[in-house]
Each structure stands twice: as structure tokens, then as C-alpha cells.
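> So here's my_file-v3.txt, just compact mmCIF, C-alpha atoms:
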```txt
# COMPACT_ATOMS: atom_id res chain seq x y z
CA ARG A 1 -15.59 -10.06 7.18
CA GLN A 2 -19.22 -11.17 6.83
CA ALA A 3 -20.95 -7.78 6.59
CA HIS A 4 -22.81 -8.42 3.32
CA GLY A 5 -26.52 -7.65 3.64
CA HIS A 6 -26.28 -6.39 7.23
CA SER A 7 -27.34 -2.95 8.49
CA THR A 8 -24.55 -0.38 8.87
CA ASP A 9 -26.56 1.97 11.10
CA GLN A 10 -24.86 0.92 14.34
CA PHE A 11 -21.30 1.46 13.13
CA GLY A 12 -18.98 4.46 12.93
CA THR A 13 -18.93 8.03 14.18
CA GLY A 14 -18.72 11.42 12.49
CA PHE A 15 -17.95 11.25 8.78
CA GLU A 16 -17.68 7.45 8.95
CA LYS A 17 -21.26 7.24 10.18
CA THR A 18 -22.40 9.66 7.47
CA LEU A 19 -20.77 7.49 4.82
CA LEU A 20 -22.25 4.29 6.17
CA SER A 21 -25.73 5.78 6.48
CA SER A 22 -25.48 6.76 2.80
CA PHE A 23 -24.18 3.36 1.76
CA PRO A 24 -27.02 2.71 -0.76
CA THR A 25 -25.85 5.77 -2.70
CA PHE A 26 -22.33 4.40 -2.68
CA VAL A 27 -23.60 1.07 -4.01
CA ASP A 28 -25.53 2.83 -6.79
CA CYS A 29 -22.34 4.63 -7.84
CA PHE A 30 -20.39 1.39 -7.75
CA LEU A 31 -22.95 -0.41 -9.92
CA SER A 32 -22.81 2.40 -12.48
CA LEU A 33 -19.15 1.61 -13.18
CA ALA A 34 -18.00 -0.64 -16.02
CA PRO A 35 -17.53 -4.30 -15.01
CA GLN A 36 -13.72 -4.17 -15.29
CA TYR A 37 -13.61 -1.40 -12.68
CA GLN A 38 -16.06 -3.16 -10.40
CA GLU A 39 -13.85 -6.24 -10.51
CA VAL A 40 -10.77 -4.29 -9.41
CA ILE A 41 -12.59 -2.42 -6.62
CA THR A 42 -14.20 -5.60 -5.29
CA ASP A 43 -10.92 -7.49 -5.18
CA ILE A 44 -8.92 -4.68 -3.56
CA ALA A 45 -11.64 -3.91 -1.00
CA LYS A 46 -11.80 -7.59 -0.06
CA ARG A 47 -8.03 -7.85 0.34
CA MET A 48 -7.90 -4.64 2.39
CA GLY A 49 -10.80 -5.69 4.58
CA ASN A 50 -9.34 -9.12 5.28
CA GLY A 51 -5.97 -7.58 6.12
CA MET A 52 -7.51 -5.08 8.51
CA ALA A 53 -9.60 -7.83 10.13
CA ASP A 54 -6.45 -9.90 10.69
CA HIS A 55 -4.90 -7.01 12.66
CA ILE A 56 -7.96 -5.47 14.31
CA GLU A 57 -6.71 -6.38 17.80
CA ASP A 58 -3.20 -5.01 17.26
CA VAL A 59 -2.29 -2.04 19.47
CA GLU A 60 1.02 -1.18 17.81
CA ASN A 61 3.42 -2.09 15.05
CA ARG A 62 6.12 -4.08 16.81
CA THR A 63 8.53 -4.57 13.92
CA VAL A 64 9.33 -2.77 10.68
CA ALA A 65 7.82 -5.78 8.91
CA ASP A 66 4.56 -5.17 10.84
CA TYR A 67 4.73 -1.51 9.84
CA ASP A 68 5.24 -2.40 6.18
CA LEU A 69 2.35 -4.86 6.29
CA TYR A 70 0.01 -2.29 7.85
CA CYS A 71 0.98 0.27 5.19
CA HIS A 72 0.44 -2.39 2.52
CA TYR A 73 -3.14 -3.00 3.62
CA VAL A 74 -4.13 0.65 3.95
CA ALA A 75 -2.12 2.20 1.09
CA GLY A 76 -0.07 -0.32 -0.90
CA LEU A 77 -3.21 -2.08 -2.07
CA VAL A 78 -4.60 1.27 -3.20
CA GLY A 79 -1.57 1.57 -5.46
CA VAL A 80 -2.12 -1.97 -6.73
CA GLY A 81 -5.76 -1.20 -7.47
CA LEU A 82 -4.97 2.05 -9.25
CA SER A 83 -2.39 0.31 -11.45
CA ARG A 84 -5.02 -2.21 -12.48
CA MET A 85 -7.46 0.63 -13.15
CA PHE A 86 -4.95 2.43 -15.35
CA HIS A 87 -4.58 -0.73 -17.43
CA ALA A 88 -8.32 -1.51 -17.47
CA SER A 89 -9.01 1.98 -18.81
CA GLY A 90 -6.60 1.47 -21.70
CA ARG A 91 -4.43 4.38 -20.56
CA GLU A 92 -1.45 2.26 -19.52
CA SER A 93 0.10 -1.05 -20.53
CA ASP A 94 -0.24 -4.46 -18.90
CA TRP A 95 3.15 -3.83 -17.25
CA PHE A 96 1.34 -2.06 -14.42
CA PRO A 97 -0.90 -4.85 -13.09
CA GLN A 98 2.05 -7.22 -13.50
CA ASN A 99 4.28 -5.23 -11.12
CA GLU A 100 2.44 -5.19 -7.80
CA ALA A 101 5.63 -4.73 -5.79
CA LEU A 102 6.32 -1.33 -7.36
CA SER A 103 2.67 -0.28 -7.01
CA ASN A 104 2.87 -1.28 -3.35
CA GLY A 105 6.06 0.77 -2.91
CA MET A 106 4.30 3.86 -4.25
CA GLY A 107 1.60 3.47 -1.61
CA LEU A 108 4.03 2.75 1.22
CA PHE A 109 6.03 5.89 0.46
CA LEU A 110 2.93 8.09 0.73
CA GLN A 111 1.54 6.34 3.82
CA LYS A 112 4.83 6.43 5.73
CA THR A 113 5.17 10.13 4.98
CA ASN A 114 1.73 10.75 6.47
CA ILE A 115 2.52 8.64 9.54
CA ILE A 116 5.74 10.56 10.19
CA ARG A 117 4.10 13.95 9.67
CA ASP A 118 1.05 13.09 11.82
CA TYR A 119 2.98 11.78 14.86
CA LEU A 120 1.47 14.17 17.42
CA GLU A 121 -2.08 14.02 16.07
CA ASP A 122 -2.01 10.22 16.10
CA LEU A 123 -0.51 10.18 19.60
CA HIS A 124 -3.34 12.37 20.91
CA ASP A 125 -5.84 9.99 19.31
CA THR A 126 -4.04 7.00 20.90
CA ARG A 127 -2.92 5.68 17.51
CA THR A 128 0.61 4.25 17.45
CA PHE A 129 1.93 3.54 13.98
CA TRP A 130 5.67 4.13 14.44
CA PRO A 131 7.20 0.65 14.86
CA ALA A 132 8.66 -0.27 18.24
CA GLU A 133 11.63 -1.81 16.47
CA ILE A 134 12.69 1.75 15.57
CA TRP A 135 11.54 3.99 18.45
CA SER A 136 12.67 1.58 21.20
CA ARG A 137 16.27 2.15 20.09
CA PHE A 138 16.00 5.79 21.13
CA VAL A 139 13.27 6.34 23.76
CA PRO A 140 11.49 4.27 26.47
CA THR A 141 8.00 4.77 24.98
CA LEU A 142 6.64 6.29 21.79
CA ALA A 143 5.05 9.13 23.79
CA ASP A 144 8.53 10.04 25.06
CA VAL A 145 9.44 11.25 21.58
CA ALA A 146 7.50 14.45 22.42
CA ARG A 147 9.37 15.09 25.73
CA PRO A 148 11.65 18.16 25.39
CA GLU A 149 14.37 16.69 27.60
CA LEU A 150 14.68 13.73 25.20
CA LEU A 151 14.84 15.87 22.06
CA PRO A 152 18.28 14.69 20.82
CA ASP A 153 17.19 11.05 20.89
CA ALA A 154 13.75 11.96 19.53
CA ARG A 155 15.37 13.64 16.53
CA ARG A 156 17.47 10.55 15.90
CA CYS A 157 14.30 8.46 16.03
CA LEU A 158 12.54 10.81 13.61
CA ASN A 159 15.46 10.73 11.20
CA HIS A 160 15.49 6.93 11.28
CA MET A 161 11.79 6.94 10.36
CA VAL A 162 12.44 9.29 7.46
CA ALA A 163 15.33 7.14 6.24
CA ASP A 164 13.04 4.10 6.29
CA ALA A 165 10.48 5.94 4.13
CA LEU A 166 13.17 7.06 1.70
CA SER A 167 14.04 3.41 1.02
CA HIS A 168 10.95 3.24 -1.23
CA ILE A 169 12.20 5.94 -3.64
CA PRO A 170 13.78 3.47 -6.13
CA ASP A 171 10.43 1.70 -6.52
CA CYS A 172 8.66 5.04 -7.01
CA ILE A 173 11.11 6.19 -9.68
CA ALA A 174 10.94 2.84 -11.48
CA TYR A 175 7.13 2.95 -11.46
CA MET A 176 6.71 6.53 -12.63
CA SER A 177 9.30 6.17 -15.39
CA ARG A 178 6.94 3.68 -17.07
CA VAL A 179 3.85 5.93 -17.06
CA GLN A 180 2.93 7.11 -20.57
CA ASN A 181 -0.40 8.92 -20.20
CA PRO A 182 0.06 12.59 -19.11
CA ASN A 183 -3.07 12.58 -16.95
CA VAL A 184 -2.02 9.39 -15.18
CA PHE A 185 1.47 10.82 -14.69
CA ASN A 186 0.14 13.97 -13.03
CA PHE A 187 -2.17 11.87 -10.86
CA VAL A 188 0.62 9.65 -9.50
CA ALA A 189 3.62 12.01 -9.61
CA ILE A 190 2.28 15.08 -7.81
CA PRO A 191 1.55 13.24 -4.51
CA GLN A 192 4.99 11.64 -4.67
CA VAL A 193 6.73 15.01 -5.05
CA MET A 194 4.65 16.39 -2.18
CA ALA A 195 5.72 13.40 -0.09
CA ILE A 196 9.44 13.77 -0.62
CA GLY A 197 9.12 17.50 -0.02
CA THR A 198 7.31 16.79 3.25
CA LEU A 199 9.97 14.30 4.32
CA ALA A 200 12.68 16.87 3.62
CA GLU A 201 10.74 19.34 5.79
CA CYS A 202 10.22 16.80 8.58
CA PHE A 203 13.78 15.49 8.70
CA ASP A 204 15.55 16.52 11.93
CA ASN A 205 12.70 18.97 12.58
CA PRO A 206 11.50 19.12 16.24
CA ARG A 207 8.29 20.85 15.09
CA VAL A 208 7.06 17.36 14.15
CA PHE A 209 6.69 16.72 17.90
CA LYS A 210 4.62 19.90 18.42
CA GLY A 211 2.22 19.85 15.48
CA VAL A 212 1.73 18.96 11.83
CA VAL A 213 4.58 20.06 9.53
CA LYS A 214 3.30 21.09 6.12
CA LEU A 215 4.79 22.48 2.93
CA ARG A 216 4.19 26.18 2.32
CA LYS A 217 1.16 26.84 0.15
CA THR A 218 3.26 28.70 -2.42
CA LEU A 219 5.68 25.77 -2.65
CA THR A 220 2.79 23.33 -2.97
CA ALA A 221 1.33 25.36 -5.85
CA ARG A 222 4.72 25.50 -7.57
CA LEU A 223 5.23 21.74 -7.26
CA ILE A 224 1.80 21.07 -8.79
CA LEU A 225 2.59 23.34 -11.73
CA ASP A 226 6.12 22.01 -12.25
CA THR A 227 5.49 18.25 -12.02
CA LYS A 228 4.64 17.66 -15.68
CA SER A 229 7.28 15.22 -16.91
CA MET A 230 9.75 12.61 -15.72
CA ASP A 231 12.64 15.05 -16.22
CA ALA A 232 10.86 17.61 -14.04
CA LEU A 233 10.14 14.92 -11.45
CA ASN A 234 13.78 13.88 -11.32
CA ARG A 235 14.87 17.51 -10.84
CA LEU A 236 12.41 17.97 -7.96
CA TYR A 237 13.45 14.69 -6.32
CA LEU A 238 17.09 15.76 -6.61
CA ARG A 239 16.31 19.16 -5.10
CA PHE A 240 14.74 17.67 -2.00
CA LEU A 241 17.37 14.94 -1.68
CA LEU A 242 20.07 17.62 -1.75
CA ASP A 243 18.16 19.45 0.99
CA LEU A 244 18.20 16.24 3.02
CA THR A 245 21.91 15.75 2.36
CA ALA A 246 22.65 19.26 3.64
CA LYS A 247 20.58 18.63 6.78
CA CYS A 248 22.44 15.36 7.36
CA ALA A 249 25.78 17.13 7.17
CA ALA A 250 24.68 19.86 9.59
CA SER A 251 22.93 17.75 12.22
CA PRO A 252 24.49 15.74 15.05
CA ALA A 253 21.30 13.62 15.16
CA THR A 254 22.03 11.70 11.95
```
Before we go any further, please render this structure as C-alpha cells.

Amino acid sequence: RQAHGHSTDQFGTGFEKTLLSSFPTFVDCFLSLAPQYQEVITDIAKRMGNGMADHIEDVENRTVADYDLYCHYVAGLVGVGLSRMFHASGRESDWFPQNEALSNGMGLFLQKTNIIRDYLEDLHDTRTFWPAEIWSRFVPTLADVARPELLPDARRCLNHMVADALSHIPDCIAYMSRVQNPNVFNFVAIPQVMAIGTLAECFDNPRVFKGVVKLRKTLTARLILDTKSMDALNRLYLRFLLDLTAKCAASPAT
């Protein structure tokens, strides 16, 4: 919390260390921004840092509320900051900074999608983001989700995680329906479409427990090209939700 003015040389590894060793360059870039952007970045970084410091000793998310709070600090606040940036730039109305809950929901939807998709990678790196409140209903430990003999219960656990992420869709739709600037719309809508497509791919899919499930490159390119308006976004959301509905009807693990 009190890192101002201290050396960063002794912290981080890999790319983190590279970033920290180049921190003066980062500061120069920050100071080149207009004051209204500096204000947003400073506030959001402080709130994120304090939130992470509060939970630095945590080894897992015990409850869904813990899970939501973690996602808020690492992604929801990014959404809040971006909404304030959109308004500060004059590209969007003051509705955006006034609706932090919807901005937070946008971030949570993206972060939860990543956490579901990256289950095995995180497990190998001893990171445990799936909340115990969910996985403990199906398996003895989170690592057991990857055990082949527990696959039926693991799939039920995975589907529960996906259903939890899908609960943020109303906030995402409400937020994006208010975006007026085409560039801002593309910026916020394309990741959201990728996320719901990824969730549809992950749902009831045992490959999640063996590696990272990704959308096909051709599908990704098509989604980027097609996500140009709210009508197009609604059609794409509907497409993937219908895919999920069909998987629900066909699977005994739902």
C-alpha cells in the first residue's frame, strides 16, 4: 500500500519484473495524459491495489461472494474506470460513470469466463479461483475436477460455474445498449461476444479439464467483423444462448 517512492527492483519475475524495471517509462507515459484521465487511472489503481492488499493472504475463494469480490477488484474496477474514461473523453454521456454496477458486471462476465476457461492452467500454477461454495457440492477438492473417474460430477461443477457467469448477461446487455459511439461499442462489445462464445464452448465440455478451450480462429474473425451494432450483438448472443440451450437438453450433467 505504501510503495510510493520505493525501488521496484526487488519485485516480480518475468514480464512483471520487466515492467517494474521500466517503471519510469510508465510514469512518463502516465504524466503525458490529460488530467482527467490521470485522475481516473489514479483512483482505479488505488482501489484495485487496496482490494488486492486486503486479500493478499487468501488461498482460495470460499464463497461466491468472495469470488465476485475478487473479480470486482481485478476486472470490475477496470470496467468502472473505462466507463469514466469514455465520459471524460466526451464520447459517452454521464450515464456511464453513474452506473458502476453495470460497469462492474461487464468486467465480472469477462473475468469469470477466463477463470472457467483457464481451470487447468491455474491449477498447475497453484491458483484456485473457483469458489469452494460451488465445487464442494460436486467434488472433494478442486483438483479432483480433473480426475477422469469423477467426470460426471466435474461436468456438473463446470456447468454450475458457467451458469454463474451467465447471470451477468442482463447487466452486459443493459450497459451496451446505452453505448452511442461506434468505436466505444466495438471496444466493449467484441470481448463480450467472445466471452459468451467461449462459455458456450466450455459448457459441459470435458476438454476444459485437459487444456484451454478456445474459439476457432475463423469464428473469432467472423465475430470481430460481425459485431458492429446492438442488433448484431443481440443476434450473436441469441445464437450462443441457443447453443447452450441445446447442450442443456442433451446433457445429463445439467
> Near A:Gln38, counting all atoms listed in the file, which residues have an atom at most 12 Å away, once you skip same-chain residues fewer than 2 positions from it, shown as a list in words?
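Close residues of A:Gln38: Val27, Asp28, Cys29, Phe30, Leu31, Ser32, Leu33, Ala34, Pro35, Gln36, Val40, Ile41, Thr42, Asp43, Ile44, Ala45, Gly81, Arg84, Met85 and Ala88 of chain A.
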> To one decimal place in Å, what is the distance between atom CA of A:Val212 and atom CA of A:Asp118?
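A separation of 5.9 Å between them.
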> What's around stretch 158-167 of chain A at 7 Å? Count all atoms listed in the file, leave out sequence neighbours fewer than 2 positions away in its own chain, and write the answer as a PyMOL selection string.
chain A and resi 109+112-113+154-156+169+199+203-204+254
> Measure the distance from atom CA of A:Ile190 to atom CA of A:Leu120 in Å and round it to one decimal.
25.3 Å
> So how many Å separate atom CA of A:Phe11 and atom CA of A:Tyr67, to one decimal?
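These two atoms are separated by 26.4 Å.
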> Looking at A:Ile115, A:Val145, A:Leu110, A:Val193, which one is nearest to A:His168, with distances taken over all atoms listed in the file?
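Counting all atoms listed in the file, the residue closest to A:His168 is A:Leu110.
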> So that I can see what lies close to A:Cys202, please list as a PDB file with C-alpha atoms, in the coordinates of the input the residues with an atom at most 8 Å from it, counting only C-alpha atoms and leaving out residues fewer than 4 positions away in the same chain.

```pdb
ATOM      1  CA  ILE A 116       5.740  10.560  10.190  1.00  0.00           C
ATOM      2  CA  ARG A 117       4.100  13.950   9.670  1.00  0.00           C
ATOM      3  CA  VAL A 162      12.440   9.290   7.460  1.00  0.00           C
ATOM      4  CA  THR A 198       7.310  16.790   3.250  1.00  0.00           C
ATOM      5  CA  ARG A 207       8.290  20.850  15.090  1.00  0.00           C
ATOM      6  CA  VAL A 208       7.060  17.360  14.150  1.00  0.00           C
ATOM      7  CA  VAL A 213       4.580  20.060   9.530  1.00  0.00           C
TER       8      VAL A 213
END
```
> Quick one: of A:Tyr73, A:Phe86, A:Phe15, A:Phe23, who's nearest to A:Val179, counting all atoms listed in the file?
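Counting all atoms listed in the file, the residue closest to A:Val179 is A:Phe86.
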> Go through A:Leu151, A:Met176, A:Ala65, A:Met52 one by one, measure the shortest atom-to-atom distance of each to A:Ser103 using only C-alpha atoms, and give the residue with the smallest value.
A:Met176
